[in-house]
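K.L.:
File structure04.pdb follows (PDB, C-alpha atoms):
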ATOM      1  CA  MET A 166     -22.664   2.620 -33.096
ATOM      2  CA  ASP A 167     -21.957   0.440 -30.065
ATOM      3  CA  ASP A 168     -22.528   2.421 -26.856
ATOM      4  CA  THR A 169     -20.810  -0.267 -24.805
ATOM      5  CA  THR A 170     -17.388   0.433 -26.325
ATOM      6  CA  VAL A 171     -14.810   0.841 -23.573
ATOM      7  CA  PRO A 172     -12.924   4.170 -23.749
ATOM      8  CA  PHE A 173      -9.269   3.743 -24.635
ATOM      9  CA  ARG A 174      -8.126   5.155 -21.279
ATOM     10  CA  ASP A 175     -10.008   2.322 -19.516
ATOM     11  CA  THR A 176      -8.435  -0.459 -21.590
ATOM     12  CA  LEU A 177      -5.337  -2.306 -20.435
ATOM     13  CA  ALA A 178      -3.152  -0.457 -22.946
ATOM     14  CA  GLY A 179      -4.747   2.860 -22.044
ATOM     15  CA  ARG A 180      -4.179   2.372 -18.324
ATOM     16  CA  PHE A 181      -0.576   1.416 -19.018
ATOM     17  CA  LEU A 182       0.182   4.462 -21.180
ATOM     18  CA  THR A 183      -1.668   6.984 -19.026
ATOM     19  CA  ALA A 184      -0.268   5.764 -15.694
ATOM     20  CA  PRO A 185       2.177   8.728 -15.326
ATOM     21  CA  PHE A 186      -0.719  11.165 -15.770
ATOM     22  CA  ARG A 187      -3.103   9.663 -13.220
ATOM     23  CA  LEU A 188      -3.269  11.017  -9.679
ATOM     24  CA  SER A 189      -3.858   7.513  -8.353
ATOM     25  CA  SER A 190      -0.356   6.507  -9.483
ATOM     26  CA  TYR A 191       1.216   9.104  -7.202
ATOM     27  CA  ALA A 192      -1.093   8.159  -4.338
ATOM     28  CA  ASN A 193       0.235   4.619  -4.808
ATOM     29  CA  LEU A 194       3.798   5.985  -4.694
ATOM     30  CA  ALA A 195       3.039   7.743  -1.406
ATOM     31  CA  PHE A 196       1.751   4.485   0.094
ATOM     32  CA  LEU A 197       4.820   2.557  -1.067
ATOM     33  CA  ALA A 198       7.160   5.232   0.298
ATOM     34  CA  LEU A 199       5.491   4.936   3.730
ATOM     35  CA  ALA A 200       5.545   1.135   3.801
ATOM     36  CA  PHE A 201       9.042   0.728   5.267
ATOM     37  CA  PRO A 202       8.998   3.364   8.057
ATOM     38  CA  LEU A 203       5.530   2.305   9.182
ATOM     39  CA  GLY A 204       6.448  -1.374   9.002
ATOM     40  CA  LEU A 205       9.546  -0.722  11.100
ATOM     41  CA  ALA A 206       7.500   1.128  13.738
ATOM     42  CA  TYR A 207       4.939  -1.705  13.920
ATOM     43  CA  PHE A 208       7.696  -4.322  14.156
ATOM     44  CA  ILE A 209       9.389  -2.559  17.070
ATOM     45  CA  PHE A 210       6.080  -2.073  18.876
ATOM     46  CA  LEU A 211       5.012  -5.715  18.523
ATOM     47  CA  ALA A 212       8.488  -7.222  19.010
ATOM     48  CA  VAL A 213       8.905  -5.363  22.292
ATOM     49  CA  GLY A 214       5.328  -5.364  23.555
ATOM     50  CA  PHE A 215       4.336  -9.005  23.174
ATOM     51  CA  PRO A 216       7.428 -10.637  24.734
ATOM     52  CA  LEU A 217       7.361  -8.100  27.565
ATOM     53  CA  GLY A 218       3.652  -8.589  28.198
ATOM     54  CA  PHE A 219       3.691 -12.391  28.100
ATOM     55  CA  GLY A 220       6.886 -12.509  30.139
ATOM     56  CA  LEU A 221       5.388 -10.429  32.940
ATOM     57  CA  THR A 222       1.998 -12.147  33.111
ATOM     58  CA  ILE A 223       3.336 -14.276  35.950
ATOM     59  CA  VAL A 224       3.273 -11.174  38.158
ATOM     60  CA  TRP A 225       0.090  -9.783  36.552
ATOM     61  CA  VAL A 226       1.899  -6.697  35.280
ATOM     62  CA  GLY A 227       1.910  -8.233  31.825
ATOM     63  CA  LEU A 228      -1.875  -8.154  31.487
ATOM     64  CA  PRO A 229      -2.194  -4.361  31.190
ATOM     65  CA  ILE A 230       0.855  -4.354  28.920
ATOM     66  CA  LEU A 231      -0.810  -6.901  26.643
ATOM     67  CA  ALA A 232      -4.000  -4.849  26.728
ATOM     68  CA  VAL A 233      -2.023  -1.818  25.527
ATOM     69  CA  VAL A 234      -0.318  -3.871  22.803
ATOM     70  CA  PHE A 235      -3.588  -5.321  21.512
ATOM     71  CA  GLY A 236      -5.266  -1.910  21.651
ATOM     72  CA  GLY A 237      -2.352  -0.267  19.867
ATOM     73  CA  ALA A 238      -2.296  -2.976  17.222
ATOM     74  CA  TRP A 239      -6.008  -2.411  16.596
ATOM     75  CA  LEU A 240      -5.440   1.328  16.176
ATOM     76  CA  PHE A 241      -2.509   0.680  13.820
ATOM     77  CA  ALA A 242      -4.671  -1.692  11.771
ATOM     78  CA  ARG A 243      -7.381   0.978  11.562
ATOM     79  CA  PHE A 244      -4.779   3.477  10.383
ATOM     80  CA  GLU A 245      -3.540   1.036   7.739
ATOM     81  CA  ARG A 246      -7.120   0.468   6.616
ATOM     82  CA  PHE A 247      -7.538   4.234   6.295
ATOM     83  CA  LEU A 248      -4.358   4.516   4.206
ATOM     84  CA  ALA A 249      -5.398   1.621   1.973
ATOM     85  CA  ILE A 250      -8.794   3.194   1.321
ATOM     86  CA  LYS A 251      -7.586   6.770   0.799
ATOM     87  CA  LEU A 252      -4.307   6.148  -1.059
ATOM     88  CA  LEU A 253      -4.876   2.813  -2.791
ATOM     89  CA  GLY A 254      -8.620   3.051  -3.331
ATOM     90  CA  ALA A 255      -9.071  -0.332  -1.629
ATOM     91  CA  ASP A 256     -12.509  -1.749  -0.932
ATOM     92  CA  VAL A 257     -11.914  -2.801   2.665
ATOM     93  CA  PRO A 258     -14.921  -4.140   4.611
ATOM     94  CA  PRO A 259     -15.592  -3.029   8.203
ATOM     95  CA  MET A 260     -13.330  -4.230  10.997
ATOM     96  CA  ALA A 261     -16.175  -4.894  13.448
ATOM     97  CA  PRO A 262     -19.934  -5.408  13.368
ATOM     98  CA  PRO A 263     -22.243  -2.422  13.831
ATOM     99  CA  ALA A 264     -22.867  -1.419  17.433
ATOM    100  CA  GLY A 265     -25.975  -2.958  18.933
ATOM    101  CA  PRO A 266     -28.805  -1.028  20.580
ATOM    102  CA  THR A 267     -27.422  -1.783  24.032
ATOM    103  CA  PRO A 268     -23.741  -1.388  24.939
ATOM    104  CA  LEU A 269     -21.794  -4.519  25.829
ATOM    105  CA  GLY A 270     -20.336  -5.067  29.243
ATOM    106  CA  PHE A 271     -16.612  -5.088  29.887
ATOM    107  CA  TRP A 272     -16.061  -8.844  29.637
ATOM    108  CA  ALA A 273     -18.430  -9.153  26.679
ATOM    109  CA  ARG A 274     -16.396  -6.518  24.852
ATOM    110  CA  ILE A 275     -13.170  -8.380  25.630
ATOM    111  CA  LYS A 276     -14.705 -11.622  24.353
ATOM    112  CA  ALA A 277     -15.994  -9.932  21.193
ATOM    113  CA  PHE A 278     -12.584  -8.357  20.567
ATOM    114  CA  LEU A 279     -10.678 -11.616  20.958
ATOM    115  CA  SER A 280     -13.204 -13.589  18.874
ATOM    116  CA  ASN A 281     -13.141 -11.017  16.074
ATOM    117  CA  PRO A 282     -11.117 -12.500  13.186
ATOM    118  CA  VAL A 283      -9.959  -9.024  12.171
ATOM    119  CA  THR A 284      -8.104  -8.729  15.481
ATOM    120  CA  TRP A 285      -5.808 -11.567  14.441
ATOM    121  CA  LYS A 286      -5.775 -10.823  10.723
ATOM    122  CA  GLY A 287      -4.819  -7.234  11.533
ATOM    123  CA  LEU A 288      -1.908  -8.501  13.635
ATOM    124  CA  GLY A 289      -0.856 -10.626  10.673
ATOM    125  CA  TYR A 290      -0.959  -7.604   8.391
ATOM    126  CA  LEU A 291       1.142  -5.532  10.791
ATOM    127  CA  SER A 292       3.619  -8.399  11.134
ATOM    128  CA  VAL A 293       4.228  -8.771   7.388
ATOM    129  CA  LYS A 294       4.315  -5.016   6.844
ATOM    130  CA  PHE A 295       7.974  -4.886   7.927
ATOM    131  CA  PRO A 296       9.517  -7.532   5.632
ATOM    132  CA  LEU A 297       7.309  -6.535   2.719
ATOM    133  CA  GLY A 298       8.065  -2.889   3.478
ATOM    134  CA  ILE A 299      11.791  -3.568   3.234
ATOM    135  CA  ALA A 300      11.371  -5.210  -0.179
ATOM    136  CA  THR A 301       9.123  -2.375  -1.309
ATOM    137  CA  PHE A 302      11.575   0.250  -0.050
ATOM    138  CA  VAL A 303      14.568  -1.322  -1.830
ATOM    139  CA  MET A 304      12.623  -1.572  -5.069
ATOM    140  CA  PHE A 305      11.259   1.956  -4.710
ATOM    141  CA  VAL A 306      14.633   3.608  -4.024
ATOM    142  CA  THR A 307      16.566   1.615  -6.630
ATOM    143  CA  LEU A 308      14.155   2.054  -9.523
ATOM    144  CA  THR A 309      13.432   5.694  -8.700
ATOM    145  CA  THR A 310      17.138   6.585  -8.497
ATOM    146  CA  VAL A 311      18.061   4.827 -11.737
ATOM    147  CA  THR A 312      15.068   6.248 -13.603
ATOM    148  CA  LEU A 313      15.731   9.823 -12.465
ATOM    149  CA  SER A 314      19.439   9.535 -13.323
ATOM    150  CA  PHE A 315      18.453   8.745 -16.917
ATOM    151  CA  LEU A 316      15.512  11.116 -17.132
ATOM    152  CA  LEU A 317      17.346  14.185 -15.802
ATOM    153  CA  ALA A 318      20.584  13.673 -17.742
ATOM    154  CA  PRO A 319      20.180  16.898 -19.841
ATOM    155  CA  PHE A 320      20.028  18.972 -16.640
ATOM    156  CA  TYR A 321      23.166  17.727 -14.938
ATOM    157  CA  TYR A 322      25.559  16.205 -17.493
ATOM    158  CA  ALA A 323      27.330  19.497 -18.294
ATOM    159  CA  TRP A 324      27.793  20.449 -14.616
ATOM    160  CA  LEU A 325      29.789  17.409 -13.576
ATOM    161  CA  PRO A 326      33.612  17.565 -13.661
ATOM    162  CA  ILE A 327      33.669  14.108 -15.246
ATOM    163  CA  PRO A 328      31.127  13.255 -17.969
ATOM    164  CA  PRO A 329      28.548  10.849 -16.568
ATOM    165  CA  SER A 330      28.574   7.335 -17.935
ATOM    166  CA  PHE A 331      26.179   4.426 -17.758
ATOM    167  CA  GLU A 332      27.989   1.127 -17.521
ATOM    168  CA  PHE A 333      26.425  -2.226 -18.239
ATOM    169  CA  ASP A 334      27.790  -5.745 -18.430
ATOM    170  CA  LEU A 335      28.689  -5.633 -22.117
ATOM    171  CA  TRP A 336      29.061  -1.923 -22.879
ATOM    172  CA  SER A 337      29.221   1.547 -21.392
ATOM    173  CA  TRP A 338      27.868   4.889 -22.555
ATOM    174  CA  GLU A 339      29.631   8.126 -21.710
ATOM    175  CA  ILE A 340      27.561  11.280 -22.192
ATOM    176  CA  ASP A 341      29.601  14.148 -23.613
ATOM    177  CA  SER A 342      27.022  16.053 -25.672
ATOM    178  CA  PHE A 343      23.551  17.503 -25.198
ATOM    179  CA  GLY A 344      22.162  15.247 -27.915
ATOM    180  CA  GLU A 345      23.358  12.147 -26.113
ATOM    181  CA  ALA A 346      21.897  13.500 -22.891
ATOM    182  CA  LEU A 347      18.534  13.929 -24.633
ATOM    183  CA  ALA A 348      18.735  10.366 -25.922
ATOM    184  CA  VAL A 349      19.421   9.120 -22.406
ATOM    185  CA  SER A 350      16.501  11.192 -21.156
ATOM    186  CA  GLY A 351      14.251   9.523 -23.728
ATOM    187  CA  ILE A 352      15.297   6.145 -22.389
ATOM    188  CA  GLY A 353      14.576   7.492 -18.913
ATOM    189  CA  ALA A 354      11.052   8.468 -20.001
ATOM    190  CA  LEU A 355      10.425   4.898 -21.139
ATOM    191  CA  MET A 356      11.892   3.598 -17.888
ATOM    192  CA  ALA A 357       9.624   5.968 -15.940
ATOM    193  CA  LEU A 358       6.581   4.573 -17.745
ATOM    194  CA  LEU A 359       7.604   1.007 -16.949
ATOM    195  CA  THR A 360       8.560   1.866 -13.363
ATOM    196  CA  ILE A 361       5.304   3.642 -12.538
ATOM    197  CA  ASN A 362       3.300   0.726 -13.900
ATOM    198  CA  LEU A 363       5.403  -1.671 -11.846
ATOM    199  CA  PHE A 364       4.755   0.448  -8.755
ATOM    200  CA  ASN A 365       1.034   0.374  -9.532
ATOM    201  CA  LEU A 366       1.194  -3.412  -9.769
ATOM    202  CA  VAL A 367       2.911  -3.637  -6.374
ATOM    203  CA  ALA A 368       0.339  -1.227  -4.925
ATOM    204  CA  TRP A 369      -2.395  -3.499  -6.291
ATOM    205  CA  GLY A 370      -0.866  -6.343  -4.276
ATOM    206  CA  TRP A 371      -0.910  -4.189  -1.130
ATOM    207  CA  ARG A 372      -4.526  -3.215  -1.887
ATOM    208  CA  GLU A 373      -5.613  -6.844  -2.119
ATOM    209  CA  LEU A 374      -3.726  -7.727   1.062
ATOM    210  CA  ALA A 375      -5.388  -4.879   2.955
ATOM    211  CA  ALA A 376      -8.837  -5.868   1.685
ATOM    212  CA  ALA A 377      -8.266  -9.464   2.839
ATOM    213  CA  LEU A 378      -6.761  -8.799   6.274
ATOM    214  CA  LEU A 379      -8.062  -5.456   7.526
ATOM    215  CA  GLY A 380     -11.767  -6.171   7.449
ATOM    216  CA  SER A 381     -14.382  -8.896   7.278
ATOM    217  CA  ARG A 382     -17.159  -9.242   4.709
ATOM    218  CA  ARG A 383     -19.476 -10.659   7.339
ATOM    219  CA  PHE A 384     -19.519  -7.235   9.019
ATOM    220  CA  ALA A 385     -20.598  -5.426   5.848
ATOM    221  CA  THR A 386     -24.120  -4.068   5.980
ATOM    222  CA  PRO A 387     -26.195  -5.857   3.321
ATOM    223  CA  ALA A 388     -27.662  -3.529   0.732
ATOM    224  CA  ALA A 389     -31.395  -3.050   0.927
ATOM    225  CA  SER A 390     -33.053  -5.196  -1.715
ATOM    226  CA  THR A 391     -35.235  -3.463  -4.294
ATOM    227  CA  PRO A 392     -38.704  -5.049  -4.524
ATOM    228  CA  SER A 393     -39.469  -6.694  -7.811
ATOM    229  CA  ALA A 394     -42.347  -5.604 -10.076
ATOM    230  CA  PRO A 395     -44.777  -8.380  -8.931
ATOM    231  CA  GLU A 396     -44.053  -7.474  -5.285
ATOM    232  CA  VAL A 397     -44.754  -3.812  -5.978
ATOM    233  CA  ALA A 398     -47.969  -4.674  -7.737
ATOM    234  CA  THR A 399     -49.051  -6.907  -4.845
ATOM    235  CA  GLU A 400     -48.334  -4.191  -2.306
ATOM    236  CA  ALA A 401     -50.285  -1.652  -4.385
ATOM    237  CA  ALA A 402     -53.255  -4.010  -4.544
TER
END
Any chance you could put this one into structure tokens?

P.N.:
Amino acid sequence: MDDTTVPFRDTLAGRFLTAPFRLSSYANLAFLALAFPLGLAYFIFLAVGFPLGFGLTIVWVGLPILAVVFGGAWLFARFERFLAIKLLGADVPPMAPPAGPTPLGFWARIKAFLSNPVTWKGLGYLSVKFPLGIATFVMFVTLTTVTLSFLLAPFYYAWLPIPPSFEFDLWSWEIDSFGEALAVSGIGALMALLTINLFNLVAWGWRELAAALLGSRRFATPAASTPSAPEVATEAA
């Protein structure tokens, strides 16, 4: 018997069929549902803060405004990193190197912040969150509404004054019996399976984007190397 056989639930087909029964699928849904409102908030903050700050630098008032915008953007990026790790299960590297034994001075901290690639990559992530969030929101609302209208047909078809109908380009289907409602619900179950897997695929894209933009591998602490057998023997001798 081969002990390396992959369990069915871990195969591609198994992950596809069990998607509606995995908690991670609904964590992905929560992330996708938050993408648009968070993206809108970031867009307003950056679209107002940066022009205002740069426009007022001529009278020096813009400098503290820019400091607030950069600091807020960093906090937003940290929050997005937290969401990506907790909801999407993303492997996001640290945003900054470990603190040294001696604290940096004010100007050294400013220089380190501005030279940190994550500062600018995080701004890029926040900037694309809005347009991508809109696309995600439209897809999320449309597919969820259509899927639920099919899936829940047995619960509402008899309560409507006019029998519900599903119209397509070449034909239409009017539900006027419980059996037809059950058939529609079966189609809805298949649509739900496809929709959840599509949502998981979109969430995978968000996970990869977060891993690329919200951290830097050069800040990851290298794992301690395990000494090899000859090294152990040498040390023992």

K.L.:
Name the closest residue to Met356 (chain A) among the candidates A:Thr312, A:Ser190, A:Gly214, A:Leu269; distances are taken between atoms, counting only C-alpha atoms.

P.N.:
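Between A:Thr312, A:Ser190, A:Gly214, A:Leu269, the residue approaching Met356 (chain A) most closely is A:Thr312.
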
K.L.:
With 12 Å as the threshold, what does the neighbourhood of (-1.8, 6.6, -17.3) contain in terms of residues, counting all atoms listed in the file? Coordinates are those of the file; answer as a VMD selection string.

P.N.:
chain A and resid 173 to 191 357 to 359 361 to 362 365

K.L.:
By how many Å are CA of Phe247 (chain A) and CA of Ala300 (chain A) apart?

P.N.:
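We find that CA of Phe247 (chain A) and CA of Ala300 (chain A) lie 22.1 Å from each other.
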
K.L.:
Can you measure CA of Ala255 (chain A) to CA of Phe196 (chain A) for me? One decimal in Å is fine.

P.N.:
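So the two atoms, CA of Ala255 (chain A) and CA of Phe196 (chain A), lie 12.0 Å apart.
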
K.L.:
May I ask for the distance between CA of Val283 (chain A) and CA of Gly380 (chain A), given in Å to one decimal place?

P.N.:
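That distance, rounded to one decimal, is 5.8 Å.
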
K.L.:
Edge lengths and centre in Å to one decimal, as AutoDock Vina command-line options, is what I'm after for the box along x, y and z that holds all listed atoms of region 223-226 of chain A once 5 Å is added on each side.

P.N.:
--center_x 1.7 --center_y -10.5 --center_z 36.7 --size_x 13.2 --size_y 17.6 --size_z 12.9

K.L.:
Do a neighbour search on Phe384 (chain A) at 7 Å with all atoms listed in the file, toss out local chain neighbours closer than 4 positions, and write the hits as a PyMOL selection string.

P.N.:
chain A and resi 259+261-262

K.L.:
Care to translate the PyMOL selection byres ((chain A and resi 199) around 12) into actual residues of this file, as a list of chain:residue names?

P.N.:
A:Ala192, A:Asn193, A:Leu194, A:Ala195, A:Phe196, A:Leu197, A:Ala198, A:Ala200, A:Phe201, A:Pro202, A:Leu203, A:Gly204, A:Leu205, A:Ala206, A:Glu245, A:Leu248, A:Ala249, A:Leu252, A:Lys294, A:Phe295, A:Leu297, A:Gly298, A:Ile299, A:Thr301, A:Phe302, A:Phe305, A:Ala368

K.L.:
So, counting only C-alpha atoms, which residue among A:Phe271, A:Gly227, A:Leu313, A:Leu291 is closest to Phe210 (chain A)?

P.N.:
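Among the listed residues, the smallest separation from Phe210 (chain A) belongs to A:Leu291.
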
K.L.:
Name the closest residue to Ala318 (chain A) among the candidates A:Ala212, A:Ser292, A:Ser350, A:Phe235; distances are taken between atoms, counting only C-alpha atoms.

P.N.:
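Under the stated criterion, the closest residue is A:Ser350.
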
K.L.:
Have a look at A:Val306, A:Leu217, A:Val293, A:Ile209 and name the one nearest to Phe364 (chain A); count only C-alpha atoms.

P.N.:
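Looking only at the distances to Phe364 (chain A), the closest residue turns out to be A:Val306.
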
K.L.:
With all atoms listed in the file as the atoms that count, which of A:Val213, A:Ala348, A:Leu253, A:Val171 lies nearest to Ala375 (chain A)?

P.N.:
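Closest candidate: A:Leu253.
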
K.L.:
Considering all atoms listed in the file, state which residue in the set A:Pro319, A:Phe208, A:Ala277, A:Arg383 is at the smallest distance from Ser342 (chain A).

P.N.:
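Using all atoms listed in the file, the shortest distance to Ser342 (chain A) belongs to A:Pro319.
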
K.L.:
Quick one: everything within 9 Å of Phe241 (chain A), counting only C-alpha atoms, minus sequence neighbours fewer than 3 positions away in the same chain. Send it as number ranges by chain.

P.N.:
A: 207, 236-238, 244-246, 287, 291
